[in-house]
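The file work_35.cif contains mmCIF, C-alpha atoms:
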data_model
#
loop_
_atom_site.label_atom_id
_atom_site.label_comp_id
_atom_site.auth_asym_id
_atom_site.auth_seq_id
_atom_site.Cartn_x
_atom_site.Cartn_y
_atom_site.Cartn_z
CA MET C 1 12.46 157.45 -79.15
CA ARG C 2 12.58 154.37 -76.94
CA HIS C 3 16.38 154.44 -76.69
CA ILE C 4 16.94 158.19 -76.38
CA ILE C 5 13.94 160.05 -74.99
CA LEU C 6 12.40 157.42 -72.70
CA PRO C 7 15.53 156.84 -70.56
CA GLN C 8 15.95 160.58 -70.07
CA ALA C 9 12.28 161.03 -69.20
CA LEU C 10 12.30 158.11 -66.77
CA LYS C 11 15.37 159.45 -65.01
CA GLN C 12 13.62 162.78 -64.48
CA MET C 13 10.22 161.36 -63.52
CA ILE C 14 11.12 158.51 -61.13
CA PRO C 15 11.23 160.70 -57.97
CA ALA C 16 7.85 162.25 -58.77
CA ILE C 17 6.22 158.93 -59.65
CA VAL C 18 7.51 157.22 -56.51
CA GLY C 19 6.39 160.18 -54.41
CA GLN C 20 2.92 159.81 -55.88
CA PHE C 21 2.88 156.05 -55.18
CA ILE C 22 3.88 156.63 -51.56
CA ALA C 23 1.30 159.40 -51.14
CA ILE C 24 -1.43 157.21 -52.63
CA PHE C 25 -0.43 154.33 -50.37
CA LYS C 26 -0.50 156.52 -47.27
CA ASP C 27 -3.81 158.07 -48.34
CA THR C 28 -5.46 154.66 -48.39
CA SER C 29 -5.89 155.12 -44.67
CA LEU C 30 -8.29 157.94 -45.55
CA ALA C 31 -10.46 155.37 -47.32
CA PHE C 32 -11.25 154.17 -43.82
CA VAL C 33 -13.55 157.19 -43.49
CA ILE C 34 -15.84 155.98 -46.27
CA GLY C 35 -15.82 152.41 -44.99
CA VAL C 36 -13.50 150.70 -47.42
CA LEU C 37 -11.85 147.66 -45.88
CA GLU C 38 -8.17 148.47 -45.54
CA LEU C 39 -5.35 148.16 -43.03
CA THR C 40 -6.44 150.85 -40.55
CA PHE C 41 -10.04 149.66 -40.66
CA VAL C 42 -8.97 146.07 -40.01
CA ALA C 43 -6.83 147.24 -37.08
CA GLN C 44 -9.82 149.05 -35.62
CA MET C 45 -12.00 145.94 -36.06
CA ILE C 46 -9.40 143.82 -34.26
CA ASN C 47 -9.13 146.41 -31.51
CA ASN C 48 -12.92 146.50 -31.05
CA ARG C 49 -13.16 142.73 -31.00
CA LEU C 50 -10.29 142.04 -28.60
CA MET C 51 -10.46 145.24 -26.50
CA VAL C 52 -6.86 144.73 -25.37
CA TYR C 53 -3.50 146.15 -26.45
CA PRO C 54 -4.55 148.85 -28.92
CA PHE C 55 -1.06 150.35 -28.82
CA GLU C 56 0.51 147.15 -30.16
CA ILE C 57 -2.09 146.81 -32.89
CA TYR C 58 -1.67 150.35 -34.17
CA THR C 59 2.10 150.18 -33.80
CA SER C 60 2.19 147.11 -36.02
CA VAL C 61 0.03 148.95 -38.58
CA ALA C 62 2.46 151.88 -38.50
CA VAL C 63 5.40 149.52 -38.97
CA LEU C 64 3.70 147.89 -41.95
CA TYR C 65 3.07 151.30 -43.54
CA PHE C 66 6.70 152.28 -42.90
CA ILE C 67 8.05 149.06 -44.40
CA CYS C 68 5.97 149.47 -47.55
CA CYS C 69 6.86 153.15 -48.02
CA TYR C 70 10.55 152.60 -47.29
CA SER C 71 10.76 149.67 -49.70
CA MET C 72 9.19 151.82 -52.44
CA SER C 73 11.83 154.47 -51.72
CA LEU C 74 14.65 151.93 -51.96
CA ILE C 75 13.34 150.58 -55.25
CA ALA C 76 13.15 154.11 -56.62
CA ARG C 77 16.70 154.85 -55.52
CA ARG C 78 17.95 151.69 -57.27
CA LEU C 79 16.09 152.64 -60.44
CA GLU C 80 17.58 156.12 -60.34
CA LYS C 81 21.09 154.70 -59.96
CA ARG C 82 20.54 152.21 -62.77
CA LEU C 83 19.23 154.86 -65.14
CA SER C 84 21.93 157.36 -64.25
CA HIS C 85 24.46 157.43 -67.04
CA GLU C 86 26.24 160.47 -65.68
CA LYS C 87 28.89 158.49 -63.84
CA VAL C 88 32.23 160.11 -64.40
CA LEU C 89 35.33 158.05 -63.90
CA LEU C 90 38.35 160.05 -62.89
CA ASN C 91 41.63 158.67 -64.09
CA LEU C 92 44.31 159.80 -61.68
#
Kindly transcribe the structure held in the file into structure tokens.
Amino acid sequence: MRHIILPQALKQMIPAIVGQFIAIFKDTSLAFVIGVLELTFVAQMINNRLMVYPFEIYTSVAVLYFICCYSMSLIARRLEKRLSHEKVLLNL
């Protein structure tokens, strides 16, 4: 089962699992509404304390979110390529 079924299941499920991880990561900004300390909440605290350059603060938060989500996508793509055994070599 570990050598036959699991590789096939992982190959099929990696895109869905990574999509869920990215969605969960992006939804952590919604935790800000209930007061959980997270990245958006910290950015707002810094903005309230400094009262200068809110655009730069929120832009850096957006860049951090993008870097994390994009790196998860790259890792998923590498896993998909590694688990793909459907490579066909054409002998010309």
*With distances taken over all atoms listed in the file, which of C:Gln44, C:Val52, C:Glu38, C:Gln8 is nearest to Glu80 in chain C?*
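For Glu80 in chain C, the nearest of the candidates is C:Gln8.
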*What is the distance, in Å and to one decimal place, between CA of Leu10 in chain C and CA of Ser71 in chain C?*
19.1 Å
*Identify all residues satisfying the PyMOL selection byres ((chain C and resi 21) around 12) in the given file; provide them as a VMD selection string.*
chain C and resid 14 to 20 22 to 28 68 to 73 75 to 76
Resulting file, chosen residues, C-alpha atoms, as an mmCIF file, in the coordinates of the input:
data_model
loop_
_atom_site.group_PDB
_atom_site.id
_atom_site.type_symbol
_atom_site.label_atom_id
_atom_site.label_comp_id
_atom_site.auth_asym_id
_atom_site.auth_seq_id
_atom_site.Cartn_x
_atom_site.Cartn_y
_atom_site.Cartn_z
ATOM 1 C CA ILE C 14 11.120 158.510 -61.130
ATOM 2 C CA PRO C 15 11.230 160.700 -57.970
ATOM 3 C CA ALA C 16 7.850 162.250 -58.770
ATOM 4 C CA ILE C 17 6.220 158.930 -59.650
ATOM 5 C CA VAL C 18 7.510 157.220 -56.510
ATOM 6 C CA GLY C 19 6.390 160.180 -54.410
ATOM 7 C CA GLN C 20 2.920 159.810 -55.880
ATOM 8 C CA ILE C 22 3.880 156.630 -51.560
ATOM 9 C CA ALA C 23 1.300 159.400 -51.140
ATOM 10 C CA ILE C 24 -1.430 157.210 -52.630
ATOM 11 C CA PHE C 25 -0.430 154.330 -50.370
ATOM 12 C CA LYS C 26 -0.500 156.520 -47.270
ATOM 13 C CA ASP C 27 -3.810 158.070 -48.340
ATOM 14 C CA THR C 28 -5.460 154.660 -48.390
ATOM 15 C CA CYS C 68 5.970 149.470 -47.550
ATOM 16 C CA CYS C 69 6.860 153.150 -48.020
ATOM 17 C CA TYR C 70 10.550 152.600 -47.290
ATOM 18 C CA SER C 71 10.760 149.670 -49.700
ATOM 19 C CA MET C 72 9.190 151.820 -52.440
ATOM 20 C CA SER C 73 11.830 154.470 -51.720
ATOM 21 C CA ILE C 75 13.340 150.580 -55.250
ATOM 22 C CA ALA C 76 13.150 154.110 -56.620
#
Could you list, as an mmCIF file with C-alpha atoms, in the coordinates of the input, every residue within 12 Å of Ile57 in chain C, counting all atoms listed in the file and ignoring same-chain residues fewer than 3 positions away?
data_model
loop_
_atom_site.group_PDB
_atom_site.id
_atom_site.type_symbol
_atom_site.label_atom_id
_atom_site.label_comp_id
_atom_site.auth_asym_id
_atom_site.auth_seq_id
_atom_site.Cartn_x
_atom_site.Cartn_y
_atom_site.Cartn_z
ATOM 1 C CA LEU C 39 -5.350 148.160 -43.030
ATOM 2 C CA THR C 40 -6.440 150.850 -40.550
ATOM 3 C CA PHE C 41 -10.040 149.660 -40.660
ATOM 4 C CA VAL C 42 -8.970 146.070 -40.010
ATOM 5 C CA ALA C 43 -6.830 147.240 -37.080
ATOM 6 C CA GLN C 44 -9.820 149.050 -35.620
ATOM 7 C CA MET C 45 -12.000 145.940 -36.060
ATOM 8 C CA ILE C 46 -9.400 143.820 -34.260
ATOM 9 C CA ASN C 47 -9.130 146.410 -31.510
ATOM 10 C CA ASN C 48 -12.920 146.500 -31.050
ATOM 11 C CA ARG C 49 -13.160 142.730 -31.000
ATOM 12 C CA LEU C 50 -10.290 142.040 -28.600
ATOM 13 C CA MET C 51 -10.460 145.240 -26.500
ATOM 14 C CA VAL C 52 -6.860 144.730 -25.370
ATOM 15 C CA TYR C 53 -3.500 146.150 -26.450
ATOM 16 C CA PRO C 54 -4.550 148.850 -28.920
ATOM 17 C CA SER C 60 2.190 147.110 -36.020
ATOM 18 C CA VAL C 61 0.030 148.950 -38.580
ATOM 19 C CA ALA C 62 2.460 151.880 -38.500
ATOM 20 C CA VAL C 63 5.400 149.520 -38.970
ATOM 21 C CA LEU C 64 3.700 147.890 -41.950
#
*Just how far from CA of Phe66 in chain C is CA of Leu79 in chain C, in Å to one decimal?*
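Atom-to-atom, CA of Leu79 in chain C and CA of Phe66 in chain C are spaced 19.9 Å apart.
Straight-line separation from CA of Leu74 in chain C to CA of Ala9 in chain C: 19.6 Å.
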Find the smallest box with edges along x, y and z containing every listed atom of range 42-53 of chain C, then add 4 Å on each side and report centre and edge lengths in Å to one decimal, as JSON.
{"center_x": -8.3, "center_y": 145.5, "center_z": -32.7, "size_x": 17.7, "size_y": 15.0, "size_z": 22.6}
